[in-house]
>>> print(open('input18.pdb').read())   # PDB, C-alpha atoms
MODEL        1
ATOM      1  CA  MET Q 723     -50.491  -4.444 -36.261
ATOM      2  CA  LYS Q 724     -52.128  -4.600 -32.802
ATOM      3  CA  LYS Q 725     -54.688  -2.352 -31.178
ATOM      4  CA  THR Q 726     -53.605  -0.960 -27.820
ATOM      5  CA  GLY Q 727     -54.441  -3.577 -25.152
ATOM      6  CA  LYS Q 728     -57.137  -3.389 -22.525
ATOM      7  CA  LYS Q 729     -54.536  -3.105 -19.810
ATOM      8  CA  LEU Q 730     -53.026   0.012 -21.382
ATOM      9  CA  LEU Q 731     -56.496   1.516 -21.924
ATOM     10  CA  ALA Q 732     -57.297   1.038 -18.283
ATOM     11  CA  THR Q 733     -54.011   2.615 -17.247
ATOM     12  CA  LEU Q 734     -54.574   5.621 -19.507
ATOM     13  CA  ALA Q 735     -58.112   6.080 -18.244
ATOM     14  CA  VAL Q 736     -56.929   6.030 -14.607
ATOM     15  CA  ALA Q 737     -54.134   8.451 -15.467
ATOM     16  CA  ALA Q 738     -56.590  10.824 -17.146
ATOM     17  CA  PHE Q 739     -58.946  10.669 -14.155
ATOM     18  CA  GLY Q 740     -56.012  11.338 -11.816
ATOM     19  CA  ALA Q 741     -54.953  14.310 -13.918
ATOM     20  CA  VAL Q 742     -58.436  15.861 -13.619
ATOM     21  CA  LEU Q 743     -58.393  15.469  -9.839
ATOM     22  CA  ALA Q 744     -54.895  16.925  -9.637
ATOM     23  CA  PHE Q 745     -55.945  19.970 -11.684
ATOM     24  CA  GLY Q 746     -58.901  20.548  -9.371
ATOM     25  CA  LEU Q 747     -56.746  20.402  -6.257
ATOM     26  CA  VAL Q 748     -54.118  22.779  -7.616
ATOM     27  CA  GLY Q 749     -56.313  25.239  -9.486
ATOM     28  CA  CYS Q 750     -59.457  25.354  -7.373
ATOM     29  CA  GLY Q 751     -58.419  24.908  -3.773
ATOM     30  CA  GLY Q 752     -60.846  22.656  -1.891
ATOM     31  CA  SER Q 753     -63.557  22.658  -4.553
ATOM     32  CA  ALA Q 754     -62.475  19.315  -5.989
ATOM     33  CA  SER Q 755     -62.881  17.507  -2.693
ATOM     34  CA  SER Q 756     -66.271  19.110  -2.024
ATOM     35  CA  SER Q 757     -67.456  18.056  -5.504
ATOM     36  CA  ALA Q 758     -66.299  14.528  -4.874
ATOM     37  CA  ALA Q 759     -68.138  14.522  -1.542
ATOM     38  CA  SER Q 760     -71.364  15.527  -3.271
ATOM     39  CA  GLY Q 761     -70.890  12.816  -5.917
ATOM     40  CA  ASP Q 762     -70.325  15.297  -8.800
ATOM     41  CA  SER Q 763     -67.770  13.272 -10.827
ATOM     42  CA  SER Q 764     -69.347  13.727 -14.250
ATOM     43  CA  SER Q 765     -66.566  15.958 -15.643
ATOM     44  CA  ALA Q 766     -63.857  13.522 -14.561
ATOM     45  CA  GLU Q 767     -65.761  10.617 -16.054
ATOM     46  CA  ALA Q 768     -66.229  12.494 -19.335
ATOM     47  CA  SER Q 769     -62.525  13.321 -19.469
ATOM     48  CA  GLY Q 770     -61.572   9.723 -18.747
ATOM     49  CA  SER Q 771     -63.948   8.528 -21.458
ATOM     50  CA  ALA Q 772     -62.473  10.932 -24.011
ATOM     51  CA  SER Q 773     -58.953   9.826 -23.154
ATOM     52  CA  SER Q 774     -59.940   6.196 -23.504
ATOM     53  CA  GLU Q 775     -61.466   6.826 -26.919
ATOM     54  CA  ALA Q 776     -58.302   8.618 -28.071
ATOM     55  CA  ALA Q 777     -56.138   5.775 -26.810
ATOM     56  CA  ALA Q 778     -58.339   3.212 -28.513
ATOM     57  CA  SER Q 779     -57.808   4.909 -31.888
ATOM     58  CA  LEU Q 780     -54.013   4.731 -31.573
ATOM     59  CA  GLU Q 781     -52.403   1.770 -33.343
ATOM     60  CA  THR Q 782     -48.988   0.491 -32.360
ATOM     61  CA  ILE Q 783     -46.397  -0.353 -35.011
ATOM     62  CA  THR Q 784     -43.469  -2.342 -33.646
ATOM     63  CA  VAL Q 785     -40.210  -2.397 -35.597
ATOM     64  CA  ALA Q 786     -36.997  -4.340 -34.944
ATOM     65  CA  ALA Q 787     -33.820  -2.422 -35.794
ATOM     66  CA  VAL Q 788     -30.114  -2.197 -35.047
ATOM     67  CA  PRO Q 789     -29.214   0.922 -33.043
ATOM     68  CA  THR Q 790     -27.289   3.025 -35.593
ATOM     69  CA  PRO Q 791     -28.521   4.492 -37.863
ATOM     70  CA  HIS Q 792     -31.780   2.537 -38.138
ATOM     71  CA  ALA Q 793     -33.234   2.946 -34.641
ATOM     72  CA  GLU Q 794     -32.059   6.559 -34.569
ATOM     73  CA  ILE Q 795     -33.885   7.356 -37.795
ATOM     74  CA  LEU Q 796     -37.022   5.617 -36.561
ATOM     75  CA  ASN Q 797     -37.069   7.251 -33.122
ATOM     76  CA  ASP Q 798     -35.898  10.736 -34.052
ATOM     77  CA  VAL Q 799     -37.797  11.299 -37.293
ATOM     78  CA  VAL Q 800     -40.302   8.598 -38.168
ATOM     79  CA  ALA Q 801     -42.024   8.296 -34.781
ATOM     80  CA  PRO Q 802     -43.182  11.958 -34.704
ATOM     81  CA  ILE Q 803     -44.462  11.700 -38.287
ATOM     82  CA  LEU Q 804     -46.486   8.596 -37.483
ATOM     83  CA  GLU Q 805     -47.788  10.030 -34.222
ATOM     84  CA  GLU Q 806     -49.453  12.831 -36.181
ATOM     85  CA  GLN Q 807     -51.254  10.126 -38.164
ATOM     86  CA  GLY Q 808     -52.498   8.260 -35.082
ATOM     87  CA  TYR Q 809     -49.766   5.603 -34.864
ATOM     88  CA  GLU Q 810     -47.450   4.865 -31.969
ATOM     89  CA  LEU Q 811     -44.061   3.596 -33.147
ATOM     90  CA  VAL Q 812     -42.253   1.177 -30.826
ATOM     91  CA  VAL Q 813     -38.652   0.392 -31.774
ATOM     92  CA  LYS Q 814     -36.994  -2.744 -30.432
ATOM     93  CA  GLU Q 815     -33.222  -2.630 -30.770
ATOM     94  CA  PHE Q 816     -31.014  -5.635 -31.582
ATOM     95  CA  SER Q 817     -27.241  -5.869 -31.910
ATOM     96  CA  ASP Q 818     -27.140  -8.710 -34.441
ATOM     97  CA  TYR Q 819     -28.461  -9.534 -37.918
ATOM     98  CA  VAL Q 820     -30.413 -12.687 -37.043
ATOM     99  CA  LEU Q 821     -32.949 -11.939 -34.319
ATOM    100  CA  PRO Q 822     -34.628  -9.005 -36.119
ATOM    101  CA  ASN Q 823     -35.664 -11.379 -38.904
ATOM    102  CA  THR Q 824     -36.636 -14.142 -36.491
ATOM    103  CA  VAL Q 825     -39.004 -11.953 -34.472
ATOM    104  CA  THR Q 826     -40.514 -10.537 -37.675
ATOM    105  CA  GLU Q 827     -41.215 -14.010 -39.019
ATOM    106  CA  GLU Q 828     -42.735 -15.073 -35.692
ATOM    107  CA  GLY Q 829     -44.983 -12.008 -35.529
ATOM    108  CA  GLU Q 830     -43.415 -10.542 -32.399
ATOM    109  CA  VAL Q 831     -42.822  -7.327 -34.353
ATOM    110  CA  ASP Q 832     -44.587  -5.893 -37.384
ATOM    111  CA  ALA Q 833     -41.494  -5.066 -39.420
ATOM    112  CA  ASN Q 834     -37.744  -4.703 -39.335
ATOM    113  CA  TYR Q 835     -35.271  -2.214 -40.713
ATOM    114  CA  PHE Q 836     -31.596  -3.189 -40.810
ATOM    115  CA  GLN Q 837     -30.720  -5.318 -43.872
ATOM    116  CA  HIS Q 838     -30.091  -5.274 -47.594
ATOM    117  CA  LEU Q 839     -31.694  -7.487 -50.239
ATOM    118  CA  PRO Q 840     -28.887 -10.047 -50.712
ATOM    119  CA  TYR Q 841     -28.876 -10.709 -46.964
ATOM    120  CA  LEU Q 842     -32.676 -10.961 -46.881
ATOM    121  CA  GLU Q 843     -32.788 -13.417 -49.775
ATOM    122  CA  ASN Q 844     -30.007 -15.531 -48.301
ATOM    123  CA  PHE Q 845     -31.734 -15.564 -44.899
ATOM    124  CA  ASN Q 846     -35.027 -16.699 -46.441
ATOM    125  CA  ASP Q 847     -33.241 -19.455 -48.355
ATOM    126  CA  GLU Q 848     -31.331 -20.744 -45.340
ATOM    127  CA  GLN Q 849     -33.974 -20.301 -42.640
ATOM    128  CA  GLY Q 850     -37.167 -21.007 -44.600
ATOM    129  CA  THR Q 851     -38.618 -17.639 -43.609
ATOM    130  CA  HIS Q 852     -41.161 -15.638 -45.618
ATOM    131  CA  LEU Q 853     -39.900 -12.076 -45.398
ATOM    132  CA  VAL Q 854     -40.303  -9.469 -48.123
ATOM    133  CA  SER Q 855     -39.086  -5.953 -48.818
ATOM    134  CA  VAL Q 856     -41.550  -3.067 -48.661
ATOM    135  CA  THR Q 857     -39.266  -0.187 -49.645
ATOM    136  CA  ALA Q 858     -35.594   0.764 -49.839
ATOM    137  CA  VAL Q 859     -34.488   3.598 -47.582
ATOM    138  CA  HIS Q 860     -30.741   4.168 -47.494
ATOM    139  CA  TYR Q 861     -27.328   2.844 -48.470
ATOM    140  CA  GLU Q 862     -24.314   2.506 -46.175
ATOM    141  CA  PRO Q 863     -20.947   2.490 -47.988
ATOM    142  CA  PHE Q 864     -18.833  -0.470 -46.860
ATOM    143  CA  GLY Q 865     -15.318   0.508 -45.842
ATOM    144  CA  LEU Q 866     -11.825  -0.805 -45.112
ATOM    145  CA  TYR Q 867     -10.353   0.689 -41.925
ATOM    146  CA  ALA Q 868      -6.845   0.691 -40.487
ATOM    147  CA  GLY Q 869      -6.427  -1.592 -37.487
ATOM    148  CA  LYS Q 870      -3.715  -1.610 -34.820
ATOM    149  CA  ASP Q 871      -1.430   0.693 -36.824
ATOM    150  CA  LYS Q 872      -3.431   3.870 -37.367
ATOM    151  CA  SER Q 873      -0.638   5.351 -39.476
ATOM    152  CA  VAL Q 874      -1.698   3.075 -42.335
ATOM    153  CA  THR Q 875      -3.449   5.355 -44.804
ATOM    154  CA  SER Q 876      -2.947   3.330 -47.978
ATOM    155  CA  LEU Q 877      -3.457  -0.329 -48.754
ATOM    156  CA  ASP Q 878       0.015  -0.313 -50.328
ATOM    157  CA  GLN Q 879       1.388  -0.063 -46.793
ATOM    158  CA  LEU Q 880       0.019  -3.460 -45.785
ATOM    159  CA  ALA Q 881       2.740  -5.954 -44.970
ATOM    160  CA  ASP Q 882       2.896  -9.485 -46.287
ATOM    161  CA  GLY Q 883       0.619 -11.696 -44.177
ATOM    162  CA  ALA Q 884      -1.450  -8.798 -42.838
ATOM    163  CA  LYS Q 885      -4.529  -9.782 -40.826
ATOM    164  CA  VAL Q 886      -7.841  -8.675 -42.385
ATOM    165  CA  ALA Q 887     -11.150  -8.953 -40.491
ATOM    166  CA  VAL Q 888     -14.290  -9.497 -42.590
ATOM    167  CA  PRO Q 889     -17.915 -10.273 -41.655
ATOM    168  CA  ASN Q 890     -18.694 -13.989 -41.600
ATOM    169  CA  ASP Q 891     -22.295 -13.920 -42.880
ATOM    170  CA  ALA Q 892     -22.641 -15.013 -46.478
ATOM    171  CA  THR Q 893     -23.575 -11.767 -48.191
ATOM    172  CA  ASN Q 894     -21.485  -9.316 -46.152
ATOM    173  CA  GLU Q 895     -18.386 -11.491 -46.434
ATOM    174  CA  ALA Q 896     -18.784 -11.501 -50.198
ATOM    175  CA  ARG Q 897     -19.243  -7.740 -50.146
ATOM    176  CA  ALA Q 898     -16.034  -7.303 -48.118
ATOM    177  CA  LEU Q 899     -14.066  -9.623 -50.394
ATOM    178  CA  LEU Q 900     -15.329  -7.819 -53.491
ATOM    179  CA  LEU Q 901     -14.131  -4.551 -51.978
ATOM    180  CA  LEU Q 902     -10.711  -6.116 -51.327
ATOM    181  CA  GLN Q 903     -10.702  -7.288 -54.918
ATOM    182  CA  ASP Q 904     -11.648  -3.828 -56.223
ATOM    183  CA  ALA Q 905      -8.756  -2.460 -54.172
ATOM    184  CA  GLY Q 906      -6.371  -4.846 -55.939
ATOM    185  CA  LEU Q 907      -5.491  -6.907 -52.872
ATOM    186  CA  ILE Q 908      -7.006 -10.242 -53.932
ATOM    187  CA  LYS Q 909      -8.685 -11.908 -56.886
ATOM    188  CA  LEU Q 910     -11.830 -14.024 -56.555
ATOM    189  CA  ASP Q 911     -13.193 -16.862 -58.630
ATOM    190  CA  SER Q 912     -15.386 -15.072 -61.163
ATOM    191  CA  ALA Q 913     -18.177 -17.586 -60.582
ATOM    192  CA  ALA Q 914     -18.447 -16.772 -56.860
ATOM    193  CA  GLY Q 915     -20.201 -13.401 -57.201
ATOM    194  CA  LEU Q 916     -22.261 -12.271 -54.210
ATOM    195  CA  LYS Q 917     -21.743 -15.626 -52.499
ATOM    196  CA  ALA Q 918     -17.962 -15.449 -52.369
ATOM    197  CA  THR Q 919     -16.087 -16.664 -49.283
ATOM    198  CA  LYS Q 920     -12.378 -16.732 -48.602
ATOM    199  CA  ALA Q 921     -12.342 -20.207 -50.172
ATOM    200  CA  ASP Q 922     -13.025 -18.443 -53.490
ATOM    201  CA  ILE Q 923      -9.820 -16.400 -53.368
ATOM    202  CA  VAL Q 924      -7.695 -17.499 -56.316
ATOM    203  CA  GLU Q 925      -4.946 -14.882 -56.022
ATOM    204  CA  ASN Q 926      -3.592 -13.394 -52.790
ATOM    205  CA  PRO Q 927      -0.214 -11.774 -53.580
ATOM    206  CA  LYS Q 928       0.213 -10.297 -50.082
ATOM    207  CA  ASN Q 929      -0.794 -13.571 -48.408
ATOM    208  CA  LEU Q 930      -3.464 -11.748 -46.459
ATOM    209  CA  ASP Q 931      -4.790 -13.642 -43.441
ATOM    210  CA  ILE Q 932      -8.577 -13.336 -43.823
ATOM    211  CA  ILE Q 933     -10.264 -13.584 -40.418
ATOM    212  CA  GLU Q 934     -14.017 -14.191 -40.485
ATOM    213  CA  LEU Q 935     -15.945 -12.582 -37.610
ATOM    214  CA  GLU Q 936     -19.570 -11.864 -36.761
ATOM    215  CA  ALA Q 937     -20.331  -8.514 -38.410
ATOM    216  CA  ALA Q 938     -20.730  -6.634 -35.133
ATOM    217  CA  GLN Q 939     -17.269  -7.792 -34.036
ATOM    218  CA  THR Q 940     -15.325  -6.424 -36.999
ATOM    219  CA  ALA Q 941     -15.115  -2.906 -35.574
ATOM    220  CA  LEU Q 942     -14.237  -4.311 -32.153
ATOM    221  CA  SER Q 943     -11.358  -6.283 -33.674
ATOM    222  CA  LEU Q 944      -9.397  -3.267 -34.934
ATOM    223  CA  ALA Q 945      -6.807  -3.470 -32.161
ATOM    224  CA  ASP Q 946      -5.956  -7.035 -33.176
ATOM    225  CA  VAL Q 947      -5.865  -6.827 -36.984
ATOM    226  CA  ASP Q 948      -4.185  -4.740 -39.654
ATOM    227  CA  ILE Q 949      -7.368  -3.740 -41.486
ATOM    228  CA  ALA Q 950     -11.057  -4.535 -41.122
ATOM    229  CA  ALA Q 951     -13.958  -4.474 -43.540
ATOM    230  CA  ILE Q 952     -16.819  -2.906 -41.579
ATOM    231  CA  ASN Q 953     -20.487  -2.224 -42.257
ATOM    232  CA  SER Q 954     -21.128   1.499 -41.852
ATOM    233  CA  ASN Q 955     -23.674   1.058 -39.054
ATOM    234  CA  TYR Q 956     -21.062  -0.724 -36.919
ATOM    235  CA  ALA Q 957     -18.418   1.797 -37.949
ATOM    236  CA  LEU Q 958     -20.667   4.590 -36.706
ATOM    237  CA  GLU Q 959     -21.299   2.797 -33.421
ATOM    238  CA  ALA Q 960     -17.523   2.464 -32.975
ATOM    239  CA  GLY Q 961     -17.055   6.212 -33.455
ATOM    240  CA  LEU Q 962     -15.493   5.913 -36.894
ATOM    241  CA  ASN Q 963     -16.073   8.587 -39.507
ATOM    242  CA  VAL Q 964     -16.562   6.849 -42.848
ATOM    243  CA  ALA Q 965     -15.513   9.881 -44.889
ATOM    244  CA  LYS Q 966     -12.352  10.540 -42.846
ATOM    245  CA  ASP Q 967     -11.303   7.192 -41.387
ATOM    246  CA  ALA Q 968     -11.951   4.635 -44.124
ATOM    247  CA  ILE Q 969      -8.964   3.861 -46.322
ATOM    248  CA  VAL Q 970     -11.290   2.696 -49.111
ATOM    249  CA  THR Q 971     -15.081   2.710 -49.448
ATOM    250  CA  GLU Q 972     -17.585   1.572 -52.024
ATOM    251  CA  SER Q 973     -18.496   4.287 -54.481
ATOM    252  CA  ALA Q 974     -21.818   6.011 -53.833
ATOM    253  CA  ASP Q 975     -22.772   5.608 -57.492
ATOM    254  CA  SER Q 976     -21.645   1.991 -57.707
ATOM    255  CA  GLU Q 977     -23.764  -1.072 -58.320
ATOM    256  CA  ALA Q 978     -23.281  -1.787 -54.612
ATOM    257  CA  ALA Q 979     -25.377   1.267 -53.762
ATOM    258  CA  LYS Q 980     -28.336  -0.354 -55.501
ATOM    259  CA  THR Q 981     -27.586  -3.920 -54.439
ATOM    260  CA  TYR Q 982     -27.027  -3.191 -50.756
ATOM    261  CA  ALA Q 983     -29.731  -0.615 -50.054
ATOM    262  CA  ASN Q 984     -31.212  -1.048 -46.570
ATOM    263  CA  LEU Q 985     -34.852  -2.092 -46.557
ATOM    264  CA  LEU Q 986     -38.060  -1.972 -44.581
ATOM    265  CA  VAL Q 987     -39.033  -5.654 -44.306
ATOM    266  CA  VAL Q 988     -42.226  -7.447 -43.234
ATOM    267  CA  LYS Q 989     -43.542 -10.974 -43.226
ATOM    268  CA  GLU Q 990     -45.126 -11.827 -46.556
ATOM    269  CA  GLY Q 991     -48.795 -10.872 -46.587
ATOM    270  CA  ASN Q 992     -48.380  -7.749 -44.453
ATOM    271  CA  GLU Q 993     -47.100  -5.455 -47.202
ATOM    272  CA  ASP Q 994     -50.486  -3.788 -47.780
ATOM    273  CA  ASN Q 995     -51.318  -3.153 -44.135
ATOM    274  CA  ALA Q 996     -52.274   0.498 -43.713
ATOM    275  CA  GLY Q 997     -49.812   1.007 -40.865
ATOM    276  CA  ILE Q 998     -46.943  -0.517 -42.850
ATOM    277  CA  LYS Q 999     -47.758   1.735 -45.794
ATOM    278  CA  ALA Q1000     -47.697   4.749 -43.464
ATOM    279  CA  LEU Q1001     -44.354   3.586 -42.053
ATOM    280  CA  ALA Q1002     -42.872   3.138 -45.531
ATOM    281  CA  LYS Q1003     -44.050   6.586 -46.601
ATOM    282  CA  ALA Q1004     -42.541   8.152 -43.481
ATOM    283  CA  LEU Q1005     -39.212   6.408 -44.090
ATOM    284  CA  ASN Q1006     -39.156   7.848 -47.618
ATOM    285  CA  SER Q1007     -40.042  11.361 -46.494
ATOM    286  CA  ASP Q1008     -38.167  14.626 -46.955
ATOM    287  CA  GLU Q1009     -37.711  14.752 -43.181
ATOM    288  CA  VAL Q1010     -35.812  11.452 -43.186
ATOM    289  CA  ARG Q1011     -33.713  12.484 -46.199
ATOM    290  CA  ASP Q1012     -32.695  15.733 -44.502
ATOM    291  CA  TYR Q1013     -31.968  13.972 -41.205
ATOM    292  CA  ILE Q1014     -29.710  11.401 -42.879
ATOM    293  CA  ASN Q1015     -27.808  14.009 -44.890
ATOM    294  CA  ASN Q1016     -27.335  16.288 -41.865
ATOM    295  CA  THR Q1017     -26.423  13.593 -39.346
ATOM    296  CA  TYR Q1018     -24.157  10.923 -40.794
ATOM    297  CA  SER Q1019     -21.486  12.754 -42.824
ATOM    298  CA  GLY Q1020     -21.725  10.437 -45.826
ATOM    299  CA  ALA Q1021     -21.802   7.210 -43.821
ATOM    300  CA  VAL Q1022     -25.495   6.856 -44.666
ATOM    301  CA  LEU Q1023     -26.933   7.952 -48.009
ATOM    302  CA  PRO Q1024     -30.666   8.239 -48.781
ATOM    303  CA  ILE Q1025     -31.633   6.504 -52.035
ATOM    304  CA  PHE Q1026     -35.211   7.729 -52.474
TER
ENDMDL
END
>>> encode(input="input18.pdb", output="structure tokens")
Amino acid sequence: MKKTGKKLLATLAVAAFGAVLAFGLVGCGGSASSSAASGDSSSAEASGSASSEAAASLETITVAAVPTPHAEILNDVVAPILEEQGYELVVKEFSDYVLPNTVTEEGEVDANYFQHLPYLENFNDEQGTHLVSVTAVHYEPFGLYAGKDKSVTSLDQLADGAKVAVPNDATNEARALLLLQDAGLIKLDSAAGLKATKADIVENPKNLDIIELEAAQTALSLADVDIAAINSNYALEAGLNVAKDAIVTESADSEAAKTYANLLVVKEGNEDNAGIKALAKALNSDEVRDYINNTYSGAVLPIF
């Protein structure tokens, strides 16, 4: 958490002073200029001082997030809640699943909001980072979507050798493969669990061609594959309706809903910061629950 900088304070103070002068010119004719000529600037100085004090009390909370739905939730609902409590929320948007964690670890942002626990734990293990969950907020059902042939409405229609796009990061690939397994398309080595890759496929009766792509690319690959396993946030960004367009999705009451809940994450040691606690409370508010339920048509489900 960082207090607003001196440069911003100075800018706000000048803006406040300018606003007072502008009011005088518009509302009082030439009286403002005559007061300035006589050296009577006490009211402007008092106003500038008050504005500076107000600005100084405002703390900035910076959060890294992917655009949909995370940044939308933060900007549309959480920011106004925090503003009433004296916090300014700044949301920095990223299109991938790596940089938000990197900038959180390095202290460039105070928190991030985009990932589930298996991804977080895997990232910490592989990158040596020290990131921890503060609270769970929502769950995004993973789905299988028809690709170049939009007439495909059932997985039974898939031809032998069909191309299937899946995310290539460790946890989301496993999640996609488990969904394919639940749909009866493949069978995985039982020991693979949440770390499964296509190398763990032990039965593939349709000879599916599993194509591993960066998660953000799965939705963009639909024109080139037969089906794609897509995270709901990227499905939303691509204009897909999870409830209407997905051939198969994870069940809302499944173990996946608990396992893959999206989290507010900070660097270890910052969990008890007052601003982070305020952010977590706002993310678990009735306002956020209502916004999610009214906005995303089942593609995002609150879990608090």
>>> residues_around(input="input18.pdb", residues="Ala858 in chain Q", least_positions_apart="3", cutoff="7 Å", atoms="all atoms listed in the file", output="MDAnalysis selection string")
chainID Q and resid 983:986
>>> closest_residue(input="input18.pdb", among="Q:Leu907, Q:Ile783, Q:Ala918, Q:Leu930", to="Tyr809 in chain Q", atoms="only C-alpha atoms")
Q:Ile783
>>> residues_around(input="input18.pdb", residues="Asn955 in chain Q", least_positions_apart="4", cutoff="7 Å", atoms="all atoms listed in the file", output="number ranges by chain")
Q: 790-791, 959
>>> closest_residue(input="input18.pdb", among="Q:Val886, Q:Leu962, Q:Ile923, Q:Ile949", to="Ala1021 in chain Q", atoms="all atoms listed in the file")
Q:Leu962
>>> atom_distance(input="input18.pdb", atom1="CA of Asp994 in chain Q", atom2="CA of Asp1008 in chain Q")
22.2 Å
>>> resolve_selection(input="input18.pdb", expression="the PyMOL selection byres ((chain Q and resi 989) around 7)", output="ChimeraX atom specification")
/Q:826-827,852-854,988,990-992
>>> write_last_selection(input="input18.pdb", atoms="C-alpha atoms", output="mmCIF file, in the frame of the given file")
data_model
loop_
_atom_site.group_PDB
_atom_site.id
_atom_site.type_symbol
_atom_site.label_atom_id
_atom_site.label_comp_id
_atom_site.auth_asym_id
_atom_site.auth_seq_id
_atom_site.Cartn_x
_atom_site.Cartn_y
_atom_site.Cartn_z
ATOM 1 C CA THR Q 826 -40.514 -10.537 -37.675
ATOM 2 C CA GLU Q 827 -41.215 -14.010 -39.019
ATOM 3 C CA HIS Q 852 -41.161 -15.638 -45.618
ATOM 4 C CA LEU Q 853 -39.900 -12.076 -45.398
ATOM 5 C CA VAL Q 854 -40.303 -9.469 -48.123
ATOM 6 C CA VAL Q 988 -42.226 -7.447 -43.234
ATOM 7 C CA GLU Q 990 -45.126 -11.827 -46.556
ATOM 8 C CA GLY Q 991 -48.795 -10.872 -46.587
ATOM 9 C CA ASN Q 992 -48.380 -7.749 -44.453
#
>>> residues_around(input="input18.pdb", residues="Leu935 in chain Q", least_positions_apart="4", cutoff="8 Å", atoms="all atoms listed in the file", output="list in words")
Ala887, Val888, Pro889, Asn890, Gln939 and Thr940 of chain Q
>>> atom_distance(input="input18.pdb", atom1="CA of Ala914 in chain Q", atom2="CA of Leu877 in chain Q")
23.7 Å
>>> closest_residue(input="input18.pdb", among="Q:Val788, Q:Ala957, Q:Thr857, Q:Ala898", to="Asn1006 in chain Q", atoms="all atoms listed in the file")
Q:Thr857
>>> closest_residue(input="input18.pdb", among="Q:Ala937, Q:Leu811, Q:Val970, Q:Ala787", to="Asp878 in chain Q", atoms="only C-alpha atoms")
Q:Val970
>>> atom_distance(input="input18.pdb", atom1="CA of Lys920 in chain Q", atom2="CA of His860 in chain Q")
27.8 Å
>>> residues_around(input="input18.pdb", residues="Thr784 in chain Q", least_positions_apart="3", cutoff="8 Å", atoms="all atoms listed in the file", output="list of chain:residue names")
Q:Met723, Q:Leu811, Q:Val812, Q:Val813, Q:Lys814, Q:Val831, Q:Asp832, Q:Ala833
>>> resolve_selection(input="input18.pdb", expression="the PyMOL selection byres ((chain Q and resi 839) around 10)", output="short mmCIF file (atom, residue, chain, number, x, y, z; two decimals) with C-alpha atoms, in the coordinates of the input")
data_model
loop_
_atom_site.label_atom_id
_atom_site.label_comp_id
_atom_site.auth_asym_id
_atom_site.auth_seq_id
_atom_site.Cartn_x
_atom_site.Cartn_y
_atom_site.Cartn_z
CA GLN Q 837 -30.72 -5.32 -43.87
CA HIS Q 838 -30.09 -5.27 -47.59
CA PRO Q 840 -28.89 -10.05 -50.71
CA TYR Q 841 -28.88 -10.71 -46.96
CA LEU Q 842 -32.68 -10.96 -46.88
CA GLU Q 843 -32.79 -13.42 -49.78
CA ASN Q 844 -30.01 -15.53 -48.30
CA PHE Q 845 -31.73 -15.56 -44.90
CA VAL Q 854 -40.30 -9.47 -48.12
CA SER Q 855 -39.09 -5.95 -48.82
CA ALA Q 858 -35.59 0.76 -49.84
CA THR Q 893 -23.58 -11.77 -48.19
CA LYS Q 980 -28.34 -0.35 -55.50
CA THR Q 981 -27.59 -3.92 -54.44
CA TYR Q 982 -27.03 -3.19 -50.76
CA ALA Q 983 -29.73 -0.62 -50.05
CA ASN Q 984 -31.21 -1.05 -46.57
CA LEU Q 985 -34.85 -2.09 -46.56
CA VAL Q 987 -39.03 -5.65 -44.31
#
>>> closest_residue(input="input18.pdb", among="Q:Asp891, Q:Glu805, Q:Asp818, Q:Asp798", to="Ala1000 in chain Q", atoms="all atoms listed in the file")
Q:Glu805
